[in-house]
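Have a look at data-v5.cif below; it lists mmCIF, C-alpha atoms.
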```cif
data_upload
loop_
_atom_site.label_atom_id
_atom_site.label_comp_id
_atom_site.auth_asym_id
_atom_site.auth_seq_id
_atom_site.Cartn_x
_atom_site.Cartn_y
_atom_site.Cartn_z
CA ALA V 18 0.00 0.00 0.00
CA THR V 19 1.21 3.53 -0.70
CA LEU V 20 0.86 6.51 1.59
CA THR V 21 -1.56 9.18 0.45
CA PRO V 22 0.01 12.60 -0.26
CA GLY V 23 -1.28 15.36 1.99
CA MET V 24 -2.36 12.97 4.76
CA ASP V 25 -0.71 13.02 8.17
CA TYR V 26 0.80 9.77 9.40
CA GLY V 27 1.88 8.61 12.82
CA GLU V 28 4.32 6.13 14.25
CA ASP V 29 2.43 3.16 12.80
CA ASP V 30 3.93 4.01 9.39
CA ALA V 31 6.80 1.71 10.33
CA ALA V 32 4.39 -1.22 10.54
CA ILE V 33 4.39 -3.81 7.76
CA GLN V 34 2.20 -2.58 4.90
CA GLU V 35 1.12 -6.06 3.79
CA ILE V 36 -0.74 -8.94 5.41
CA THR V 37 1.76 -11.11 7.25
CA THR V 38 1.91 -14.88 6.83
CA GLN V 39 0.47 -15.43 10.31
CA GLU V 40 -2.33 -12.92 9.68
CA GLU V 41 -3.17 -14.61 6.38
CA GLN V 42 -3.50 -17.98 8.09
CA GLN V 43 -5.64 -16.63 10.91
CA LEU V 44 -7.72 -14.53 8.52
CA ARG V 45 -8.56 -17.65 6.52
CA ARG V 46 -9.43 -19.50 9.74
CA VAL V 47 -11.87 -16.76 10.76
CA TYR V 48 -13.38 -16.56 7.27
CA ASP V 49 -13.97 -20.32 7.25
CA LEU V 50 -15.46 -20.04 10.74
CA LEU V 51 -17.88 -17.28 9.72
CA CYS V 52 -19.02 -18.91 6.47
CA ASP V 53 -22.30 -20.74 7.18
CA TYR V 54 -21.84 -19.95 10.88
CA HIS V 55 -25.61 -19.80 11.42
CA ALA V 56 -26.41 -23.17 9.82
CA ARG V 57 -23.37 -24.85 11.38
CA SER V 58 -24.23 -23.53 14.85
CA HIS V 59 -27.76 -24.93 14.56
CA LEU V 60 -26.46 -28.34 13.47
CA LYS V 61 -23.88 -28.38 16.26
CA ARG V 62 -26.56 -27.60 18.85
CA GLU V 63 -28.64 -30.48 17.52
CA TYR V 64 -25.58 -32.74 17.64
CA LEU V 65 -24.72 -31.76 21.23
CA GLN V 66 -28.32 -32.31 22.37
CA ARG V 67 -28.25 -35.85 21.03
CA GLU V 68 -24.80 -36.45 22.45
CA GLU V 69 -26.07 -35.41 25.87
CA LYS V 70 -29.08 -37.70 25.54
CA LEU V 71 -26.84 -40.56 24.44
CA THR V 72 -24.66 -40.13 27.52
CA GLY V 73 -27.76 -40.18 29.70
CA VAL V 74 -29.10 -43.34 28.08
CA ARG V 75 -25.79 -45.15 28.42
CA THR V 76 -25.41 -44.25 32.09
CA LYS V 77 -29.05 -44.87 33.03
CA VAL V 78 -29.42 -47.53 35.70
CA PRO V 79 -32.33 -49.97 35.04
CA ARG V 80 -35.07 -50.12 37.64
CA PRO V 81 -34.98 -53.21 39.83
CA GLY V 82 -36.65 -56.16 38.15
CA VAL V 83 -37.14 -54.34 34.83
CA THR V 84 -35.32 -55.37 31.67
CA GLU V 85 -34.61 -52.38 29.47
CA ASP V 86 -31.76 -53.73 27.37
CA MET V 87 -33.69 -53.84 24.05
CA GLY V 88 -35.18 -50.38 24.44
CA LYS V 89 -31.86 -48.98 25.56
CA ALA V 90 -30.03 -50.51 22.61
CA ALA V 91 -32.61 -49.15 20.16
CA GLU V 92 -32.33 -45.65 21.67
CA ILE V 93 -28.55 -45.76 21.48
CA THR V 94 -28.73 -46.86 17.84
CA ARG V 95 -31.21 -44.10 16.94
CA LEU V 96 -29.20 -41.34 18.61
CA THR V 97 -25.93 -42.59 17.12
CA GLU V 98 -27.40 -42.64 13.60
CA GLU V 99 -28.86 -39.14 14.00
CA MET V 100 -25.49 -37.85 15.21
CA SER V 101 -23.77 -39.41 12.20
CA LEU V 102 -26.21 -37.70 9.81
CA LEU V 103 -25.71 -34.36 11.56
CA ASP V 104 -21.96 -34.77 11.32
CA ILE V 105 -22.27 -35.40 7.58
CA ASP V 106 -24.36 -32.24 7.18
CA ILE V 107 -21.76 -30.20 9.09
CA ARG V 108 -18.98 -31.53 6.85
CA LYS V 109 -21.02 -30.75 3.72
CA LEU V 110 -21.15 -27.08 4.70
CA ALA V 111 -17.35 -26.92 4.60
CA ASP V 112 -17.34 -28.39 1.07
CA ARG V 113 -19.81 -25.91 -0.46
CA GLU V 114 -18.43 -24.08 -3.50
CA ASP V 115 -20.48 -20.94 -2.84
CA ARG V 116 -19.17 -20.37 0.68
CA LYS V 117 -19.84 -16.78 1.73
CA ILE V 118 -20.62 -14.87 4.90
CA ARG V 119 -24.26 -13.86 5.09
CA LEU V 120 -26.29 -11.64 7.39
CA ALA V 121 -27.48 -14.57 9.51
CA ASP V 122 -23.88 -15.72 9.97
CA LEU V 123 -22.76 -12.32 11.27
CA SER V 124 -25.77 -12.12 13.56
CA GLU V 125 -25.13 -15.55 15.07
CA ALA V 126 -21.39 -14.96 15.48
CA LEU V 127 -21.90 -11.59 17.17
CA ARG V 128 -24.54 -13.12 19.42
CA ALA V 129 -21.97 -15.74 20.45
CA LEU V 130 -19.65 -12.87 21.41
CA GLY V 131 -22.43 -11.37 23.53
CA LYS V 132 -23.47 -8.61 21.11
CA LYS V 133 -26.97 -8.46 19.65
CA CYS V 134 -27.25 -6.27 16.54
CA SER V 135 -30.26 -4.96 14.65
CA LYS V 136 -30.82 -5.98 11.04
CA LYS V 137 -29.83 -2.46 9.94
CA GLU V 138 -26.54 -2.68 11.85
CA LEU V 139 -25.76 -6.03 10.22
CA LEU V 140 -26.65 -4.74 6.74
CA ASP V 141 -24.35 -1.76 7.31
CA MET V 142 -21.48 -4.09 8.25
CA ILE V 143 -21.95 -6.01 5.00
CA TRP V 144 -22.46 -2.88 2.89
CA GLU V 145 -19.13 -1.46 4.08
CA VAL V 146 -17.22 -4.28 2.34
CA ASP V 147 -19.66 -5.68 -0.27
CA GLU V 148 -17.82 -4.69 -3.45
CA ASN V 149 -20.08 -6.64 -5.86
CA LEU V 150 -23.29 -5.73 -4.01
CA ASP V 151 -24.59 -9.28 -3.75
CA GLY V 152 -25.51 -8.87 -0.08
CA CYS V 153 -22.81 -11.32 1.05
CA ILE V 154 -19.09 -11.26 1.80
CA ASP V 155 -16.77 -13.47 -0.23
CA TRP V 156 -13.09 -14.21 0.43
CA ASP V 157 -11.74 -11.47 -1.83
CA GLU V 158 -13.96 -8.84 -0.18
CA PHE V 159 -13.06 -10.17 3.25
CA ARG V 160 -9.32 -9.99 2.59
CA LEU V 161 -9.57 -6.54 0.97
CA MET V 162 -11.46 -5.24 4.02
CA PHE V 163 -8.67 -6.47 6.28
CA MET V 164 -5.95 -4.99 4.05
CA ARG V 165 -7.62 -1.59 3.94
CA ASN V 166 -7.91 -1.45 7.70
CA ILE V 167 -4.38 -2.52 8.59
CA THR V 168 -3.01 0.13 6.23
CA ASP V 169 -5.45 2.87 7.28
CA ARG V 170 -3.73 5.87 8.87
CA SER V 171 -6.73 8.21 9.00
CA GLY V 172 -9.04 6.41 11.41
CA LEU V 173 -11.81 6.86 8.82
CA GLU V 174 -11.83 3.44 7.15
CA PRO V 175 -15.13 1.59 7.89
CA SER V 176 -14.12 -0.83 10.62
CA LYS V 177 -17.17 -2.46 12.19
CA LEU V 178 -16.54 -5.81 10.53
CA TYR V 179 -12.76 -5.43 10.85
CA ASN V 180 -12.97 -4.94 14.62
CA MET V 181 -15.00 -8.11 14.94
CA VAL V 182 -12.69 -10.08 12.67
CA GLN V 183 -9.52 -8.85 14.37
CA PHE V 184 -10.94 -9.91 17.73
CA MET V 185 -11.70 -13.37 16.34
CA ILE V 186 -8.20 -13.56 14.85
CA PHE V 187 -6.66 -12.84 18.24
CA ASP V 188 -9.06 -15.28 19.93
CA GLN V 189 -7.23 -18.32 18.64
CA ASN V 190 -8.77 -20.78 21.12
CA GLU V 191 -12.26 -19.41 20.30
CA ASN V 192 -13.31 -18.92 23.93
CA GLY V 193 -14.82 -15.46 23.36
CA LYS V 194 -11.89 -13.62 24.94
CA VAL V 195 -8.49 -12.42 23.81
CA SER V 196 -5.40 -12.64 25.98
CA VAL V 197 -1.99 -11.03 26.13
CA ASP V 198 -0.48 -14.36 25.08
CA GLU V 199 -2.76 -14.73 22.05
CA THR V 200 -2.13 -11.21 20.72
CA MET V 201 1.56 -10.86 21.48
CA ASN V 202 3.05 -12.86 18.60
CA MET V 203 0.89 -11.29 15.91
CA LEU V 204 1.47 -7.75 17.16
CA TYR V 205 5.21 -8.40 17.36
CA GLU V 206 5.28 -9.66 13.77
CA ARG V 207 3.50 -6.53 12.55
CA TYR V 208 4.92 -3.76 14.74
CA GLY V 209 8.16 -4.99 16.31
CA ARG V 210 8.81 -5.17 20.04
CA GLN V 211 8.57 -1.48 20.96
CA ARG V 212 5.28 -0.82 19.15
CA MET V 213 3.95 -4.22 20.23
CA GLU V 214 4.18 -3.21 23.89
CA ALA V 215 2.38 0.06 23.18
CA LYS V 216 -0.37 -1.80 21.30
CA LEU V 217 -0.77 -4.28 24.15
CA ARG V 218 -1.13 -1.44 26.65
CA GLY V 219 -3.73 0.13 24.35
CA LEU V 220 -5.78 -3.08 24.46
CA PHE V 221 -5.18 -4.36 27.98
CA GLY V 222 -4.20 -1.18 29.84
CA ASN V 223 -1.10 -0.94 32.00
CA ASN V 224 -2.26 -3.89 34.09
CA MET V 225 -1.05 -6.79 31.95
CA GLN V 226 -0.09 -9.26 34.66
CA GLU V 227 -0.60 -12.96 34.08
CA THR V 228 -4.07 -13.96 35.29
CA GLY V 229 -4.33 -17.59 34.29
CA THR V 230 -3.11 -19.90 31.59
CA GLN V 231 -3.69 -17.32 28.87
CA GLY V 232 -2.58 -14.25 30.82
CA GLY V 233 -4.68 -11.07 31.10
CA GLU V 234 -7.91 -11.43 29.11
CA ILE V 235 -10.56 -9.04 27.76
CA ASP V 236 -13.95 -9.79 26.25
CA PHE V 237 -15.41 -8.44 22.99
CA PHE V 238 -16.96 -5.33 24.56
CA GLN V 239 -13.72 -4.39 26.32
CA TYR V 240 -11.86 -4.94 23.07
CA LEU V 241 -14.26 -2.72 21.10
CA GLU V 242 -13.95 0.03 23.68
CA ALA V 243 -10.15 -0.07 23.39
CA VAL V 244 -9.92 -0.14 19.59
CA GLU V 245 -12.63 2.49 19.05
CA ARG V 246 -10.78 4.79 21.45
CA THR V 247 -7.57 4.20 19.50
CA GLN V 248 -9.30 4.83 16.15
CA TYR V 249 -10.70 8.12 17.45
CA GLN V 250 -7.29 9.17 18.74
CA THR V 251 -5.75 8.27 15.38
CA PHE V 252 -8.27 10.44 13.54
CA MET V 253 -7.70 13.37 15.88
CA THR V 254 -3.97 13.37 15.04
CA THR V 255 -4.67 13.90 11.31
CA SER V 256 -5.12 17.29 9.69
CA MET V 257 -8.86 16.62 9.42
CA GLY V 258 -9.04 15.83 13.11
CA ARG V 259 -7.08 18.91 14.08
CA ASN V 260 -9.30 21.08 11.86
CA LEU V 261 -12.38 19.59 13.49
CA ARG V 262 -10.99 20.26 16.95
CA SER V 263 -10.13 23.83 15.97
CA SER V 264 -13.61 24.48 14.54
CA LYS V 265 -15.22 23.22 17.74
CA GLY V 266 -12.97 25.46 19.77
CA LYS V 267 -14.11 28.57 17.95
#
```

Would you give me this structure, written as C-alpha cells?
Amino acid sequence: ATLTPGMDYGEDDAAIQEITTQEEQQLRRVYDLLCDYHARSHLKREYLQREEKLTGVRTKVPRPGVTEDMGKAAEITRLTEEMSLLDIDIRKLADREDRKIRLADLSEALRALGKKCSKKELLDMIWEVDENLDGCIDWDEFRLMFMRNITDRSGLEPSKLYNMVQFMIFDQNENGKVSVDETMNMLYERYGRQRMEAKLRGLFGNNMQETGTQGGEIDFFQYLEAVERTQYQTFMTTSMGRNLRSSKGK
C-alpha cells in the first residue's frame, strides 16, 4: 500500500504494509469459521443435544426387576445414527463451492460474542465491504477489508466488521476472549517489540499481569472500547481531526 500525499501519518507508518503470513493464516481461519456460521451452529446444537441424551441413556441404571436392554439398545442406535447424519451435514457445509458470509452468519457470530445487533446494523457491516453488491461477503472482499484497515492511517476506514474479525483472529482458542499471550506474537510480527508493547497497553491497559493460563484477558466489549478509542485518537492526530478540533474550539 502507498501513503496518500497530503495525509498526516503517525508512528504506525513503520508497521508492515502487507498482510503477514500469520495474519493470512488466521484470517482464513476466521473466514472459514464465519461462512455458514448460522447453519453450522444450529447443526452443532442439535448434535450436542443428542450427544447429551446418548450419555444419559448409556449411564441410566435400570429399575430393579425391569429389563430395558432392548429399548436402551434401540435408543442408542437411533441417537448414534442421527449424530452421524448431523456430522455429515456439518462436513457438507465446509465443502460448499459458494461459501460466503451472510447476514445470519454475522448475527449468530456476534450473538456468540455477547453482542446483539439490529438488522440495519448487520446490513451496514456487510455494505461497508460488499464490493459486488450481492448482499454477502466473499473471500476477496473479506481480505480486501482487512488490508484496507491494517493500512489505514486516518481512522476513517469503515471498521465495524474489521474490529469483529480482528478480535476473532486474536481469539485463537475461540473462547470469546483475547489474551496477552494470544495477541503478542501477531502484534510483534507486525509492529516490532517497541510498538507491540504500546499496542498491548492500548488493548489491555497498564495492568497486563498474568491472570491464568492465557494471561490477562478481555472480552469483545472491552476490546471494542479499546480499539474504538484508538481509532478516534488516530483520527484526531490527522489534519482533518485537528481542523475539526479547531472548529469546535471557535

Neighbours of region 199-203 of chain V within 10 Å (only C-alpha atoms; same-chain residues fewer than 3 positions away dropped), as an MDAnalysis selection string?
chainID V and resid 37:40 43 184 186:190 194:196 206:210 213:214 216:217 220 231:234

From (-26.7, -34.2, 16.7), in the file's coordinates, out to 6 Å: which residues are reached, counting only C-alpha atoms? Answer as a list in words.
Glu63, Tyr64, Leu65, Arg67, Met100 and Leu103 of chain V

Evaluating the PyMOL selection byres ((chain V and resi 48) around 12) on the displayed file yields which residues, as a PDB file with C-alpha atoms, in the coordinates of the input?
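Wrote it out as out00.pdb, contents follow:
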```pdb
ATOM      1  CA  GLU V  40      -2.330 -12.920   9.680  1.00  0.00           C
ATOM      2  CA  GLU V  41      -3.170 -14.610   6.380  1.00  0.00           C
ATOM      3  CA  GLN V  42      -3.500 -17.980   8.090  1.00  0.00           C
ATOM      4  CA  GLN V  43      -5.640 -16.630  10.910  1.00  0.00           C
ATOM      5  CA  LEU V  44      -7.720 -14.530   8.520  1.00  0.00           C
ATOM      6  CA  ARG V  45      -8.560 -17.650   6.520  1.00  0.00           C
ATOM      7  CA  ARG V  46      -9.430 -19.500   9.740  1.00  0.00           C
ATOM      8  CA  VAL V  47     -11.870 -16.760  10.760  1.00  0.00           C
ATOM      9  CA  ASP V  49     -13.970 -20.320   7.250  1.00  0.00           C
ATOM     10  CA  LEU V  50     -15.460 -20.040  10.740  1.00  0.00           C
ATOM     11  CA  LEU V  51     -17.880 -17.280   9.720  1.00  0.00           C
ATOM     12  CA  CYS V  52     -19.020 -18.910   6.470  1.00  0.00           C
ATOM     13  CA  ASP V  53     -22.300 -20.740   7.180  1.00  0.00           C
ATOM     14  CA  TYR V  54     -21.840 -19.950  10.880  1.00  0.00           C
ATOM     15  CA  ALA V 111     -17.350 -26.920   4.600  1.00  0.00           C
ATOM     16  CA  ARG V 116     -19.170 -20.370   0.680  1.00  0.00           C
ATOM     17  CA  LYS V 117     -19.840 -16.780   1.730  1.00  0.00           C
ATOM     18  CA  ILE V 118     -20.620 -14.870   4.900  1.00  0.00           C
ATOM     19  CA  ARG V 119     -24.260 -13.860   5.090  1.00  0.00           C
ATOM     20  CA  ASP V 122     -23.880 -15.720   9.970  1.00  0.00           C
ATOM     21  CA  LEU V 123     -22.760 -12.320  11.270  1.00  0.00           C
ATOM     22  CA  ALA V 126     -21.390 -14.960  15.480  1.00  0.00           C
ATOM     23  CA  ILE V 154     -19.090 -11.260   1.800  1.00  0.00           C
ATOM     24  CA  ASP V 155     -16.770 -13.470  -0.230  1.00  0.00           C
ATOM     25  CA  TRP V 156     -13.090 -14.210   0.430  1.00  0.00           C
ATOM     26  CA  ASP V 157     -11.740 -11.470  -1.830  1.00  0.00           C
ATOM     27  CA  GLU V 158     -13.960  -8.840  -0.180  1.00  0.00           C
ATOM     28  CA  PHE V 159     -13.060 -10.170   3.250  1.00  0.00           C
ATOM     29  CA  ARG V 160      -9.320  -9.990   2.590  1.00  0.00           C
ATOM     30  CA  MET V 162     -11.460  -5.240   4.020  1.00  0.00           C
ATOM     31  CA  PHE V 163      -8.670  -6.470   6.280  1.00  0.00           C
ATOM     32  CA  LEU V 178     -16.540  -5.810  10.530  1.00  0.00           C
ATOM     33  CA  TYR V 179     -12.760  -5.430  10.850  1.00  0.00           C
ATOM     34  CA  MET V 181     -15.000  -8.110  14.940  1.00  0.00           C
ATOM     35  CA  VAL V 182     -12.690 -10.080  12.670  1.00  0.00           C
ATOM     36  CA  GLN V 183      -9.520  -8.850  14.370  1.00  0.00           C
ATOM     37  CA  MET V 185     -11.700 -13.370  16.340  1.00  0.00           C
ATOM     38  CA  ILE V 186      -8.200 -13.560  14.850  1.00  0.00           C
TER      39      ILE V 186
END
```

Residues near Arg75 (chain V), cut-off 8 Å, only C-alpha atoms, skip fewer than 2 positions along chain, as JSON, numbers by chain
{"V": [71, 72, 73, 77, 89, 93]}

Resulting file, chosen residues, C-alpha atoms, as a PDB file, in the coordinates of the input:
```
ATOM      1  CA  LEU V  71     -26.840 -40.560  24.440  1.00  0.00           C
ATOM      2  CA  THR V  72     -24.660 -40.130  27.520  1.00  0.00           C
ATOM      3  CA  GLY V  73     -27.760 -40.180  29.700  1.00  0.00           C
ATOM      4  CA  LYS V  77     -29.050 -44.870  33.030  1.00  0.00           C
ATOM      5  CA  LYS V  89     -31.860 -48.980  25.560  1.00  0.00           C
ATOM      6  CA  ILE V  93     -28.550 -45.760  21.480  1.00  0.00           C
TER       7      ILE V  93
END
```

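Distance-wise, CA of Met142 (chain V) and CA of Val244 (chain V) end up 16.7 Å apart.
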
Counting only C-alpha atoms, which residue out of V:Ser58, V:Asn192, V:Thr76, V:Ser264 sits closest to Ser124 (chain V)?
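Under the stated criterion, the closest residue is V:Ser58.
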
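Reported to one decimal place, the separation of CA of Glu174 (chain V) from CA of Met257 (chain V) is 13.7 Å.
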
For Arg218 (chain V), which of V:Met253, V:Leu204, V:Met164, V:Leu102 is the closest residue, counting all atoms listed in the file?
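The answer is V:Leu204, which sits nearest to Arg218 (chain V).
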
Among listed residues V:Arg262, V:Arg113, V:Ala121, V:Leu241, nearest His59 (chain V) (using all atoms listed in the file)
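Selected residue with least distance to His59 (chain V): V:Ala121.
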
Here CA of Thr254 (chain V) and CA of Ser171 (chain V) stand apart by 8.4 Å
